[in-house]
$ cat run15.txt   # compact mmCIF, C-alpha atoms
# COMPACT_ATOMS: atom_id res chain seq x y z
CA MET V 1 10.76 30.13 -25.35
CA GLN V 2 13.14 27.51 -26.73
CA LEU V 3 12.25 27.89 -30.43
CA ALA V 4 11.65 30.86 -32.73
CA LEU V 5 11.21 31.24 -36.47
CA VAL V 6 14.37 32.21 -38.34
CA ASN V 7 14.03 32.18 -42.12
CA ASP V 8 10.77 30.27 -41.61
CA GLU V 9 12.49 27.50 -39.67
CA ARG V 10 12.05 26.77 -35.95
CA VAL V 11 15.46 27.00 -34.35
CA GLU V 12 16.95 27.26 -30.87
CA ALA V 13 18.44 30.49 -29.60
CA PHE V 14 21.94 31.39 -30.79
CA SER V 15 24.21 34.28 -29.91
CA GLY V 16 23.07 37.49 -31.60
CA GLY V 17 20.03 35.78 -33.07
CA ARG V 18 16.83 37.49 -34.09
CA GLY V 19 13.65 35.78 -35.15
CA ASN V 20 9.89 35.83 -34.85
CA CYS V 21 7.47 34.29 -32.39
CA PRO V 22 5.73 31.25 -33.92
CA VAL V 23 2.47 32.25 -32.22
CA CYS V 24 2.06 35.99 -32.64
CA GLY V 25 4.76 36.76 -35.23
CA ALA V 26 6.36 39.48 -33.07
CA GLU V 27 10.12 40.01 -33.20
CA THR V 28 12.19 37.91 -30.80
CA ILE V 29 15.78 38.20 -29.69
CA ALA V 30 18.08 35.46 -28.47
CA LYS V 31 19.17 35.51 -24.83
CA CYS V 32 22.43 33.57 -24.66
CA GLY V 33 24.39 34.89 -21.70
CA PRO V 34 26.91 32.65 -19.93
CA ARG V 35 24.79 32.39 -16.78
CA ILE V 36 21.32 31.93 -18.23
CA MET V 37 19.58 29.18 -20.12
CA HIS V 38 19.62 30.06 -23.81
CA HIS V 39 16.17 31.13 -24.93
CA TRP V 40 14.19 33.52 -27.12
CA ALA V 41 12.34 36.52 -25.71
CA HIS V 42 9.87 38.92 -27.28
CA HIS V 43 11.75 42.08 -28.20
CA ARG V 44 9.17 44.64 -27.11
CA LEU V 45 6.13 42.75 -25.88
CA ARG V 46 5.61 40.42 -22.95
CA ASP V 47 5.19 36.77 -23.86
CA CYS V 48 2.03 36.48 -25.94
CA ASP V 49 0.93 33.26 -24.20
CA PRO V 50 -0.30 33.96 -20.62
CA TRP V 51 0.09 30.26 -19.74
CA TRP V 52 3.81 30.29 -20.40
CA GLU V 53 6.19 30.11 -17.43
CA ASN V 54 9.90 30.78 -17.19
CA GLU V 55 11.82 27.61 -17.93
CA THR V 56 13.99 25.79 -15.43
CA GLU V 57 16.72 23.35 -16.42
CA TRP V 58 14.34 20.55 -15.41
CA HIS V 59 11.70 21.96 -17.77
CA ARG V 60 14.14 22.19 -20.67
CA GLU V 61 15.49 18.68 -20.05
CA TRP V 62 11.98 17.29 -20.33
CA LYS V 63 11.28 19.06 -23.62
CA ASN V 64 14.59 17.82 -24.99
CA LYS V 65 13.45 14.21 -24.55
CA PHE V 66 11.27 14.74 -27.61
CA PRO V 67 12.06 15.55 -31.25
CA LEU V 68 12.36 19.22 -32.15
CA GLU V 69 9.12 19.15 -34.14
CA CYS V 70 7.18 18.10 -31.00
CA ARG V 71 8.34 21.00 -28.82
CA GLU V 72 6.44 24.26 -28.34
CA VAL V 73 3.72 23.38 -30.81
CA SER V 74 0.95 25.93 -31.33
CA HIS V 75 -2.50 24.53 -30.54
CA ILE V 76 -5.51 26.38 -31.94
CA ALA V 77 -9.03 25.92 -30.60
CA GLU V 78 -12.16 26.14 -32.75
CA ASP V 79 -12.80 29.68 -31.51
CA GLY V 80 -9.32 30.79 -32.58
CA GLU V 81 -7.71 30.80 -29.12
CA ILE V 82 -4.07 29.76 -29.42
CA HIS V 83 -1.45 28.54 -26.94
CA ARG V 84 1.97 26.92 -27.18
CA ALA V 85 1.96 23.39 -25.82
CA ASP V 86 5.22 22.37 -24.17
CA VAL V 87 5.11 19.14 -26.17
CA LYS V 88 2.59 17.85 -28.70
CA THR V 89 3.27 14.41 -30.11
CA PRO V 90 2.43 13.18 -33.63
CA SER V 91 -0.36 11.05 -32.13
CA GLY V 92 -2.03 14.18 -30.70
CA ILE V 93 -1.17 13.94 -26.99
CA VAL V 94 -0.23 17.24 -25.33
CA ILE V 95 2.27 17.22 -22.46
CA GLU V 96 2.33 20.20 -20.13
CA ILE V 97 5.50 20.31 -18.02
CA GLN V 98 4.85 22.21 -14.81
CA HIS V 99 7.33 23.39 -12.19
CA SER V 100 5.49 26.22 -10.46
CA THR V 101 2.25 26.08 -8.47
CA MET V 102 -1.04 26.38 -10.32
CA THR V 103 -4.56 27.45 -9.41
CA ASP V 104 -7.57 25.21 -10.00
CA ALA V 105 -8.91 27.72 -12.52
CA GLU V 106 -5.76 27.64 -14.64
CA ARG V 107 -5.50 23.86 -14.50
CA ILE V 108 -9.11 23.46 -15.56
CA SER V 109 -8.76 25.97 -18.39
CA ARG V 110 -5.76 24.11 -19.81
CA GLU V 111 -7.46 20.75 -19.53
CA GLU V 112 -10.53 22.05 -21.31
CA PHE V 113 -8.41 23.71 -23.99
CA TYR V 114 -6.10 20.79 -24.80
CA GLN V 115 -8.39 17.92 -23.69
CA ASN V 116 -5.99 15.12 -24.73
CA LEU V 117 -3.53 16.26 -22.09
CA VAL V 118 -1.09 14.72 -19.63
CA TRP V 119 0.67 16.63 -16.84
CA VAL V 120 4.30 16.13 -15.82
CA ILE V 121 5.02 18.05 -12.62
CA ASP V 122 8.25 18.70 -10.75
CA GLY V 123 8.04 16.81 -7.46
CA THR V 124 11.46 17.68 -6.10
CA VAL V 125 10.04 20.74 -4.33
CA PHE V 126 7.69 18.64 -2.17
CA GLN V 127 9.52 15.31 -2.14
CA ASP V 128 9.94 15.30 1.65
CA ASN V 129 6.14 15.37 2.02
CA PHE V 130 5.49 12.46 -0.34
CA ASP V 131 5.82 8.93 1.10
CA ILE V 132 5.59 5.79 -1.03
CA TYR V 133 4.64 2.63 0.89
CA HIS V 134 4.01 -1.04 0.22
CA MET V 135 3.44 -2.76 -3.12
CA LEU V 136 -0.07 -3.49 -4.33
CA PRO V 137 -0.99 -6.38 -6.64
CA ASP V 138 -2.18 -5.61 -10.14
CA PRO V 139 -5.75 -4.33 -9.55
CA LYS V 140 -6.95 -6.54 -12.41
CA SER V 141 -5.47 -9.70 -10.86
CA GLU V 142 -7.55 -12.40 -9.21
CA LEU V 143 -5.75 -11.72 -5.94
CA ALA V 144 -6.69 -8.05 -5.91
CA GLN V 145 -10.40 -8.80 -6.38
CA ASP V 146 -10.56 -10.24 -2.86
CA LEU V 147 -8.61 -7.53 -1.02
CA VAL V 148 -9.65 -4.22 0.52
CA TRP V 149 -6.64 -2.28 1.79
CA SER V 150 -6.44 -0.09 4.87
CA LYS V 151 -5.42 3.44 3.87
CA ALA V 152 -1.75 4.13 4.59
CA LYS V 153 -0.76 7.40 6.23
CA ARG V 154 2.42 8.82 7.69
CA HIS V 155 3.00 7.57 11.25
CA MET V 156 0.55 4.65 10.77
CA ASN V 157 3.22 1.96 10.62
CA GLY V 158 0.84 -0.99 10.33
CA ALA V 159 -1.11 0.37 7.37
CA ASN V 160 2.10 1.63 5.78
CA ALA V 161 3.49 -1.91 5.76
CA GLY V 162 0.21 -3.25 4.36
CA LEU V 163 -3.05 -4.16 6.11
CA PHE V 164 -6.10 -5.55 4.34
CA PHE V 165 -9.50 -7.23 4.71
CA ARG V 166 -10.72 -10.13 2.59
CA LEU V 167 -13.96 -9.57 0.74
CA SER V 168 -14.62 -13.32 0.67
CA GLU V 169 -14.62 -13.41 4.50
CA ALA V 170 -17.01 -10.45 4.68
CA PHE V 171 -19.49 -12.29 2.42
CA GLU V 172 -20.13 -14.74 5.24
CA ASP V 173 -21.81 -11.99 7.28
CA ASP V 174 -23.17 -9.88 4.41
CA PRO V 175 -23.59 -11.48 0.96
CA LEU V 176 -24.22 -8.04 -0.55
CA VAL V 177 -21.04 -6.39 0.70
CA THR V 178 -18.76 -4.75 -1.87
CA LYS V 179 -15.33 -3.20 -1.77
CA SER V 180 -16.88 0.24 -1.48
CA THR V 181 -19.19 -0.74 1.41
CA LEU V 182 -16.90 -2.99 3.48
CA ARG V 183 -16.13 -1.26 6.78
CA GLY V 184 -14.50 -3.93 8.95
CA GLY V 185 -13.72 -7.59 9.54
CA TRP V 186 -10.67 -9.67 10.27
CA ILE V 187 -7.67 -7.49 9.49
CA ARG V 188 -4.64 -9.17 7.96
CA GLY V 189 -1.05 -8.18 7.21
CA ILE V 190 0.69 -8.19 3.85
CA TYR V 191 3.21 -10.77 5.11
CA ASP V 192 0.42 -13.38 4.67
CA ILE V 193 0.38 -12.82 0.90
CA GLU V 194 3.74 -11.16 0.21
CA GLU V 195 4.89 -13.67 -2.42
CA GLU V 196 1.54 -13.54 -4.20
CA VAL V 197 1.69 -9.75 -4.30
CA LYS V 198 5.18 -9.83 -5.80
CA LYS V 199 4.04 -12.20 -8.56
CA THR V 200 1.26 -9.84 -9.66
CA TYR V 201 3.06 -6.55 -9.01
CA ASN V 202 3.19 -4.06 -11.88
CA GLY V 203 4.03 -0.75 -10.26
CA TYR V 204 1.17 0.07 -7.89
CA HIS V 205 1.86 1.31 -4.33
CA GLN V 206 0.09 2.99 -1.47
CA TYR V 207 1.26 6.52 -0.66
CA ASP V 208 0.62 9.54 1.50
CA TRP V 209 1.06 13.14 0.38
CA VAL V 210 1.30 15.42 3.40
CA ARG V 211 0.02 18.95 2.66
CA PRO V 212 -0.66 18.06 -0.98
CA ARG V 213 -1.03 20.44 -3.87
CA LYS V 214 -4.72 19.65 -4.07
CA THR V 215 -5.27 20.83 -7.62
CA TRP V 216 -3.35 17.77 -8.83
CA LEU V 217 -5.54 15.45 -6.78
CA ASP V 218 -8.58 16.92 -8.55
CA ALA V 219 -7.08 16.91 -12.05
CA GLY V 220 -9.23 15.63 -14.87
CA CYS V 221 -6.21 14.58 -16.95
CA PRO V 222 -3.46 12.11 -15.97
CA VAL V 223 -0.84 13.50 -13.56
CA TYR V 224 2.74 12.19 -13.43
CA ILE V 225 5.19 13.44 -10.80
CA ASP V 226 8.93 13.53 -11.48
CA PHE V 227 11.07 13.07 -8.36
CA GLY V 228 14.31 12.94 -10.35
CA ASP V 229 14.91 9.20 -10.74
CA GLU V 230 14.17 6.78 -13.60
CA TYR V 231 10.49 6.43 -12.72
CA LEU V 232 7.54 8.78 -12.85
CA VAL V 233 4.88 8.57 -10.14
CA LYS V 234 1.39 8.53 -11.60
CA LEU V 235 -1.49 9.58 -9.33
CA ASP V 236 -4.21 6.95 -9.63
CA THR V 237 -7.23 5.28 -8.00
CA TYR V 238 -6.68 1.61 -7.25
CA ASP V 239 -10.15 0.06 -7.44
CA GLU V 240 -13.83 0.55 -6.61
CA SER V 241 -12.97 1.00 -2.94
CA GLY V 242 -11.74 4.47 -3.93
CA LEU V 243 -8.23 3.87 -2.55
CA ASN V 244 -5.82 6.52 -3.79
CA CYS V 245 -2.60 4.97 -5.04
CA ILE V 246 0.37 5.68 -7.25
CA ARG V 247 1.83 3.72 -10.10
CA LEU V 248 5.52 3.76 -11.00
CA VAL V 249 6.03 4.23 -14.73
CA SER V 250 9.50 4.27 -16.22
CA LYS V 251 10.37 7.49 -18.03
CA ARG V 252 11.44 5.50 -21.07
CA LYS V 253 8.03 3.82 -21.17
CA PHE V 254 6.26 7.15 -20.76
CA VAL V 255 8.19 8.84 -23.58
CA HIS V 256 7.59 5.85 -25.85
CA ASP V 257 3.86 5.70 -25.15
CA VAL V 258 3.10 9.40 -25.62
CA MET V 259 4.66 9.16 -29.06
CA VAL V 260 2.57 6.17 -30.17
CA GLU V 261 -0.66 6.12 -28.15
CA ASP V 262 -3.49 8.38 -29.32
CA LYS V 263 -5.10 9.01 -25.92
CA ALA V 264 -3.42 10.29 -22.74
CA GLU V 265 -5.29 7.76 -20.61
CA ASN V 266 -3.74 4.89 -22.62
CA ILE V 267 -0.19 5.66 -21.48
CA ALA V 268 1.34 2.67 -19.65
CA THR V 269 -1.78 0.54 -20.00
CA ARG V 270 -0.05 -2.17 -22.00
CA PHE V 271 2.18 -4.74 -20.34
CA TYR V 272 5.71 -3.80 -19.46
CA PRO V 273 8.21 -5.38 -17.06
CA ILE V 274 9.04 -3.63 -13.81
CA LYS V 275 11.35 -4.57 -10.97
CA SER V 276 9.67 -5.85 -7.81
CA GLY V 277 9.52 -3.23 -5.10
CA ARG V 278 10.23 0.46 -5.04
CA PRO V 279 13.26 1.42 -7.18
$ encode --input "run15.txt" --output "structure tokens"
Amino acid sequence: MQLALVNDERVEAFSGGRGNCPVCGAETIAKCGPRIMHHWAHHRLRDCDPWWENETEWHREWKNKFPLECREVSHIAEDGEIHRADVKTPSGIVIEIQHSTMTDAERISREEFYQNLVWVIDGTVFQDNFDIYHMLPDPKSELAQDLVWSKAKRHMNGANAGLFFRLSEAFEDDPLVTKSTLRGGWIRGIYDIEEEVKKTYNGYHQYDWVRPRKTWLDAGCPVYIDFGDEYLVKLDTYDESGLNCIRLVSKRKFVHDVMVEDKAENIATRFYPIKSGRP
């Protein structure tokens, strides 16, 4: 753990330090060797929180983006169950920062426990299996209301560049057709509407995740993937067609929003500028 109680204050590990665990009160000792990340460890017991994982530098860097009082905050359920959230903001959003793999059961238990939760996961370990493709217009735009996109997949070069059907053209044959029921028609390429897409672009893209970690596709709370650049990749659903997509959200925007928004699902829902195209 990064923080322990020393003289009733939460402090980071220091050479020769001794303190107490903020959760269980057990004695902790500082681990400050030259080749390890400085941290506190329980002196005699294993870590009292079974959800806790050993920290990587990536994990620690993410926690350090937030004020000290937001890190490793104890969260107590109505039945008395207690866990240390990686980050809990003043507005009540919990951020769990996850490097290692996770089972469905553990993911679900954390989501049910914290409820107002957002995941940040380390994507560098599967980056080669994650492809980000063409831009998509803002799903709320007038342009997007008329488009049904062909699902992009690795090795499908046409769909990866951007292929779509127009709902307005399908109405001519079936006035009751919807985005979720349209199955064919005159297929068009994104080059027909490229400038229009750019004008309404606000971070959405098609993607393909080869051999995905499926628990994140089934998550009930928002999932953001960190591939190591200035943007996070949020897993999302584009529209009523059910198209899986991603949205690029700047890390600065994410950190700002989790500190001021009161619901995890409200992160990055307000307008913010973004460069056209993939960064």
$ residues_near_point --input "run15.txt" --point "(-8.0, 16.9, -21.3)" --cutoff "9 Å" --atoms "all atoms listed in the file" --output "PyMOL selection string"
chain V and resi 94+108+110-118+220-222+264
$ write_last_selection --input "run15.txt" --atoms "C-alpha atoms" --output "JSON list (two decimals), keeping the file's coordinate frame"
[["chain", "number", "residue", "atom", "x", "y", "z"],
["V", 94, "VAL", "CA", -0.23, 17.24, -25.33],
["V", 108, "ILE", "CA", -9.11, 23.46, -15.56],
["V", 110, "ARG", "CA", -5.76, 24.11, -19.81],
["V", 111, "GLU", "CA", -7.46, 20.75, -19.53],
["V", 112, "GLU", "CA", -10.53, 22.05, -21.31],
["V", 113, "PHE", "CA", -8.41, 23.71, -23.99],
["V", 114, "TYR", "CA", -6.10, 20.79, -24.80],
["V", 115, "GLN", "CA", -8.39, 17.92, -23.69],
["V", 116, "ASN", "CA", -5.99, 15.12, -24.73],
["V", 117, "LEU", "CA", -3.53, 16.26, -22.09],
["V", 118, "VAL", "CA", -1.09, 14.72, -19.63],
["V", 220, "GLY", "CA", -9.23, 15.63, -14.87],
["V", 221, "CYS", "CA", -6.21, 14.58, -16.95],
["V", 222, "PRO", "CA", -3.46, 12.11, -15.97],
["V", 264, "ALA", "CA", -3.42, 10.29, -22.74]]
$ residues_near_point --input "run15.txt" --point "(-17.3, -9.0, 4.6)" --cutoff "9 Å" --atoms "only C-alpha atoms" --output "list in words"
Phe165, Arg166, Leu167, Ser168, Glu169, Ala170, Phe171, Glu172, Asp173, Asp174, Pro175, Leu176, Val177, Thr178, Lys179, Leu182, Arg183, Gly184, Gly185 and Trp186 of chain V
$ write_last_selection --input "run15.txt" --atoms "C-alpha atoms" --output "PDB file, in the frame of the given file"
ATOM      1  CA  PHE V 165      -9.500  -7.230   4.710  1.00  0.00           C
ATOM      2  CA  ARG V 166     -10.720 -10.130   2.590  1.00  0.00           C
ATOM      3  CA  LEU V 167     -13.960  -9.570   0.740  1.00  0.00           C
ATOM      4  CA  SER V 168     -14.620 -13.320   0.670  1.00  0.00           C
ATOM      5  CA  GLU V 169     -14.620 -13.410   4.500  1.00  0.00           C
ATOM      6  CA  ALA V 170     -17.010 -10.450   4.680  1.00  0.00           C
ATOM      7  CA  PHE V 171     -19.490 -12.290   2.420  1.00  0.00           C
ATOM      8  CA  GLU V 172     -20.130 -14.740   5.240  1.00  0.00           C
ATOM      9  CA  ASP V 173     -21.810 -11.990   7.280  1.00  0.00           C
ATOM     10  CA  ASP V 174     -23.170  -9.880   4.410  1.00  0.00           C
ATOM     11  CA  PRO V 175     -23.590 -11.480   0.960  1.00  0.00           C
ATOM     12  CA  LEU V 176     -24.220  -8.040  -0.550  1.00  0.00           C
ATOM     13  CA  VAL V 177     -21.040  -6.390   0.700  1.00  0.00           C
ATOM     14  CA  THR V 178     -18.760  -4.750  -1.870  1.00  0.00           C
ATOM     15  CA  LYS V 179     -15.330  -3.200  -1.770  1.00  0.00           C
ATOM     16  CA  LEU V 182     -16.900  -2.990   3.480  1.00  0.00           C
ATOM     17  CA  ARG V 183     -16.130  -1.260   6.780  1.00  0.00           C
ATOM     18  CA  GLY V 184     -14.500  -3.930   8.950  1.00  0.00           C
ATOM     19  CA  GLY V 185     -13.720  -7.590   9.540  1.00  0.00           C
ATOM     20  CA  TRP V 186     -10.670  -9.670  10.270  1.00  0.00           C
TER      21      TRP V 186
END
$ atom_distance --input "run15.txt" --atom1 "atom CA of Glu12 of chain V" --atom2 "atom CA of Ile82 of chain V"
21.2 Å
$ closest_residue --input "run15.txt" --among "V:Asp86, V:Asp146, V:Asp8, V:Asp138" --to "Leu68 of chain V" --atoms "only C-alpha atoms"
V:Asp86
$ residues_around --input "run15.txt" --residues "Tyr238 of chain V" --least-positions-apart "4" --cutoff "12 Å" --atoms "only C-alpha atoms" --output "MDAnalysis selection string"
chainID V and resid 135:141 144:145 147:149 151 179:180 203:207 234 242:247
$ residues_around --input "run15.txt" --residues "Pro212 of chain V" --least-positions-apart "3" --cutoff "12 Å" --atoms "only C-alpha atoms" --output "compact mmCIF listing (two decimals) with C-alpha atoms, keeping the file's coordinate frame"
# COMPACT_ATOMS: atom_id res chain seq x y z
CA THR V 101 2.25 26.08 -8.47
CA GLY V 123 8.04 16.81 -7.46
CA VAL V 125 10.04 20.74 -4.33
CA PHE V 126 7.69 18.64 -2.17
CA GLN V 127 9.52 15.31 -2.14
CA ASP V 128 9.94 15.30 1.65
CA ASN V 129 6.14 15.37 2.02
CA PHE V 130 5.49 12.46 -0.34
CA ASP V 131 5.82 8.93 1.10
CA TYR V 207 1.26 6.52 -0.66
CA ASP V 208 0.62 9.54 1.50
CA TRP V 209 1.06 13.14 0.38
CA THR V 215 -5.27 20.83 -7.62
CA TRP V 216 -3.35 17.77 -8.83
CA LEU V 217 -5.54 15.45 -6.78
CA ASP V 218 -8.58 16.92 -8.55
CA LEU V 235 -1.49 9.58 -9.33
$ residues_around --input "run15.txt" --residues "Glu72 of chain V" --least-positions-apart "3" --cutoff "6 Å" --atoms "all atoms listed in the file" --output "PyMOL selection string"
chain V and resi 84-87
$ closest_residue --input "run15.txt" --among "V:Leu232, V:Gly92, V:Thr237, V:Val11" --to "Thr124 of chain V" --atoms "all atoms listed in the file"
V:Leu232
$ residues_around --input "run15.txt" --residues "His59 of chain V" --least-positions-apart "3" --cutoff "10 Å" --atoms "all atoms listed in the file" --output "ChimeraX atom specification"
/V:53-56,62-64,86,96-99,120-122
$ write_last_selection --input "run15.txt" --atoms "C-alpha atoms" --output "mmCIF file, in the frame of the given file"
data_model
loop_
_atom_site.group_PDB
_atom_site.id
_atom_site.type_symbol
_atom_site.label_atom_id
_atom_site.label_comp_id
_atom_site.auth_asym_id
_atom_site.auth_seq_id
_atom_site.Cartn_x
_atom_site.Cartn_y
_atom_site.Cartn_z
ATOM 1 C CA GLU V 53 6.190 30.110 -17.430
ATOM 2 C CA ASN V 54 9.900 30.780 -17.190
ATOM 3 C CA GLU V 55 11.820 27.610 -17.930
ATOM 4 C CA THR V 56 13.990 25.790 -15.430
ATOM 5 C CA TRP V 62 11.980 17.290 -20.330
ATOM 6 C CA LYS V 63 11.280 19.060 -23.620
ATOM 7 C CA ASN V 64 14.590 17.820 -24.990
ATOM 8 C CA ASP V 86 5.220 22.370 -24.170
ATOM 9 C CA GLU V 96 2.330 20.200 -20.130
ATOM 10 C CA ILE V 97 5.500 20.310 -18.020
ATOM 11 C CA GLN V 98 4.850 22.210 -14.810
ATOM 12 C CA HIS V 99 7.330 23.390 -12.190
ATOM 13 C CA VAL V 120 4.300 16.130 -15.820
ATOM 14 C CA ILE V 121 5.020 18.050 -12.620
ATOM 15 C CA ASP V 122 8.250 18.700 -10.750
#
$ closest_residue --input "run15.txt" --among "V:Asn20, V:Thr200, V:Ser241, V:Asn266" --to "Leu143 of chain V" --atoms "all atoms listed in the file"
V:Thr200
$ atom_distance --input "run15.txt" --atom1 "atom CA of Ala77 of chain V" --atom2 "atom CA of Ile93 of chain V"
14.8 Å
$ closest_residue --input "run15.txt" --among "V:Tyr231, V:Tyr191, V:Tyr133, V:Phe254" --to "His155 of chain V" --atoms "all atoms listed in the file"
V:Tyr133
$ atom_distance --input "run15.txt" --atom1 "atom CA of Asn157 of chain V" --atom2 "atom CA of Lys198 of chain V"
20.3 Å
$ closest_residue --input "run15.txt" --among "V:Ile95, V:Leu3, V:Phe164, V:Arg18" --to "Ile267 of chain V" --atoms "only C-alpha atoms"
V:Ile95
$ decode --input "run15.txt" --residues "segment 137-145 of chain V" --atoms "all heavy atoms" --output "PDB file, in the first residue's frame"
ATOM      1  N   PRO V 137     -18.837   9.949 -36.705  1.00  0.00           N
ATOM      2  CA  PRO V 137     -19.411  11.231 -36.302  1.00  0.00           C
ATOM      3  C   PRO V 137     -20.033  11.133 -34.916  1.00  0.00           C
ATOM      4  O   PRO V 137     -20.348  10.038 -34.436  1.00  0.00           O
ATOM      5  CB  PRO V 137     -20.472  11.490 -37.369  1.00  0.00           C
ATOM      6  CG  PRO V 137     -20.835  10.128 -37.886  1.00  0.00           C
ATOM      7  CD  PRO V 137     -19.575   9.311 -37.801  1.00  0.00           C
ATOM      8  N   ASP V 138     -20.186  12.257 -34.280  1.00  0.00           N
ATOM      9  CA  ASP V 138     -20.880  12.310 -32.993  1.00  0.00           C
ATOM     10  C   ASP V 138     -22.208  11.560 -33.125  1.00  0.00           C
ATOM     11  O   ASP V 138     -23.025  11.878 -33.990  1.00  0.00           O
ATOM     12  CB  ASP V 138     -21.130  13.767 -32.626  1.00  0.00           C
ATOM     13  CG  ASP V 138     -21.833  13.937 -31.279  1.00  0.00           C
ATOM     14  OD1 ASP V 138     -22.327  12.948 -30.714  1.00  0.00           O
ATOM     15  OD2 ASP V 138     -21.885  15.088 -30.799  1.00  0.00           O
ATOM     16  N   PRO V 139     -22.451  10.533 -32.302  1.00  0.00           N
ATOM     17  CA  PRO V 139     -23.687   9.746 -32.455  1.00  0.00           C
ATOM     18  C   PRO V 139     -24.959  10.565 -32.260  1.00  0.00           C
ATOM     19  O   PRO V 139     -26.037  10.139 -32.677  1.00  0.00           O
ATOM     20  CB  PRO V 139     -23.547   8.656 -31.384  1.00  0.00           C
ATOM     21  CG  PRO V 139     -22.529   9.160 -30.430  1.00  0.00           C
ATOM     22  CD  PRO V 139     -21.592  10.012 -31.223  1.00  0.00           C
ATOM     23  N   LYS V 140     -24.844  11.737 -31.654  1.00  0.00           N
ATOM     24  CA  LYS V 140     -26.015  12.594 -31.466  1.00  0.00           C
ATOM     25  C   LYS V 140     -26.219  13.550 -32.635  1.00  0.00           C
ATOM     26  O   LYS V 140     -27.208  14.292 -32.670  1.00  0.00           O
ATOM     27  CB  LYS V 140     -25.869  13.391 -30.165  1.00  0.00           C
ATOM     28  CG  LYS V 140     -25.829  12.531 -28.914  1.00  0.00           C
ATOM     29  CD  LYS V 140     -25.665  13.377 -27.670  1.00  0.00           C
ATOM     30  CE  LYS V 140     -25.601  12.512 -26.412  1.00  0.00           C
ATOM     31  NZ  LYS V 140     -25.407  13.332 -25.185  1.00  0.00           N
ATOM     32  N   SER V 141     -25.291  13.567 -33.591  1.00  0.00           N
ATOM     33  CA  SER V 141     -25.378  14.505 -34.707  1.00  0.00           C
ATOM     34  C   SER V 141     -26.454  14.077 -35.694  1.00  0.00           C
ATOM     35  O   SER V 141     -26.848  12.912 -35.767  1.00  0.00           O
ATOM     36  CB  SER V 141     -24.027  14.595 -35.423  1.00  0.00           C
ATOM     37  OG  SER V 141     -23.724  13.373 -36.075  1.00  0.00           O
ATOM     38  N   GLU V 142     -26.914  15.040 -36.494  1.00  0.00           N
ATOM     39  CA  GLU V 142     -27.904  14.749 -37.530  1.00  0.00           C
ATOM     40  C   GLU V 142     -27.348  13.763 -38.544  1.00  0.00           C
ATOM     41  O   GLU V 142     -28.059  12.861 -39.013  1.00  0.00           O
ATOM     42  CB  GLU V 142     -28.311  16.046 -38.222  1.00  0.00           C
ATOM     43  CG  GLU V 142     -29.397  15.871 -39.277  1.00  0.00           C
ATOM     44  CD  GLU V 142     -29.822  17.185 -39.899  1.00  0.00           C
ATOM     45  OE1 GLU V 142     -29.380  18.254 -39.419  1.00  0.00           O
ATOM     46  OE2 GLU V 142     -30.598  17.146 -40.880  1.00  0.00           O
ATOM     47  N   LEU V 143     -26.068  13.903 -38.873  1.00  0.00           N
ATOM     48  CA  LEU V 143     -25.435  12.984 -39.816  1.00  0.00           C
ATOM     49  C   LEU V 143     -25.516  11.544 -39.332  1.00  0.00           C
ATOM     50  O   LEU V 143     -25.875  10.627 -40.077  1.00  0.00           O
ATOM     51  CB  LEU V 143     -23.971  13.386 -40.029  1.00  0.00           C
ATOM     52  CG  LEU V 143     -23.108  12.436 -40.866  1.00  0.00           C
ATOM     53  CD1 LEU V 143     -23.621  12.377 -42.304  1.00  0.00           C
ATOM     54  CD2 LEU V 143     -21.638  12.874 -40.816  1.00  0.00           C
ATOM     55  N   ALA V 144     -25.185  11.318 -38.075  1.00  0.00           N
ATOM     56  CA  ALA V 144     -25.128   9.961 -37.535  1.00  0.00           C
ATOM     57  C   ALA V 144     -26.484   9.274 -37.527  1.00  0.00           C
ATOM     58  O   ALA V 144     -26.559   8.038 -37.607  1.00  0.00           O
ATOM     59  CB  ALA V 144     -24.554   9.988 -36.120  1.00  0.00           C
ATOM     60  N   GLN V 145     -27.568  10.049 -37.457  1.00  0.00           N
ATOM     61  CA  GLN V 145     -28.901   9.448 -37.394  1.00  0.00           C
ATOM     62  C   GLN V 145     -29.250   8.672 -38.660  1.00  0.00           C
ATOM     63  O   GLN V 145     -30.096   7.783 -38.639  1.00  0.00           O
ATOM     64  CB  GLN V 145     -29.959  10.525 -37.142  1.00  0.00           C
ATOM     65  CG  GLN V 145     -29.718  11.392 -35.924  1.00  0.00           C
ATOM     66  CD  GLN V 145     -29.371  10.600 -34.681  1.00  0.00           C
ATOM     67  OE1 GLN V 145     -30.105   9.688 -34.286  1.00  0.00           O
ATOM     68  NE2 GLN V 145     -28.240  10.926 -34.056  1.00  0.00           N
TER      69      GLN V 145
END
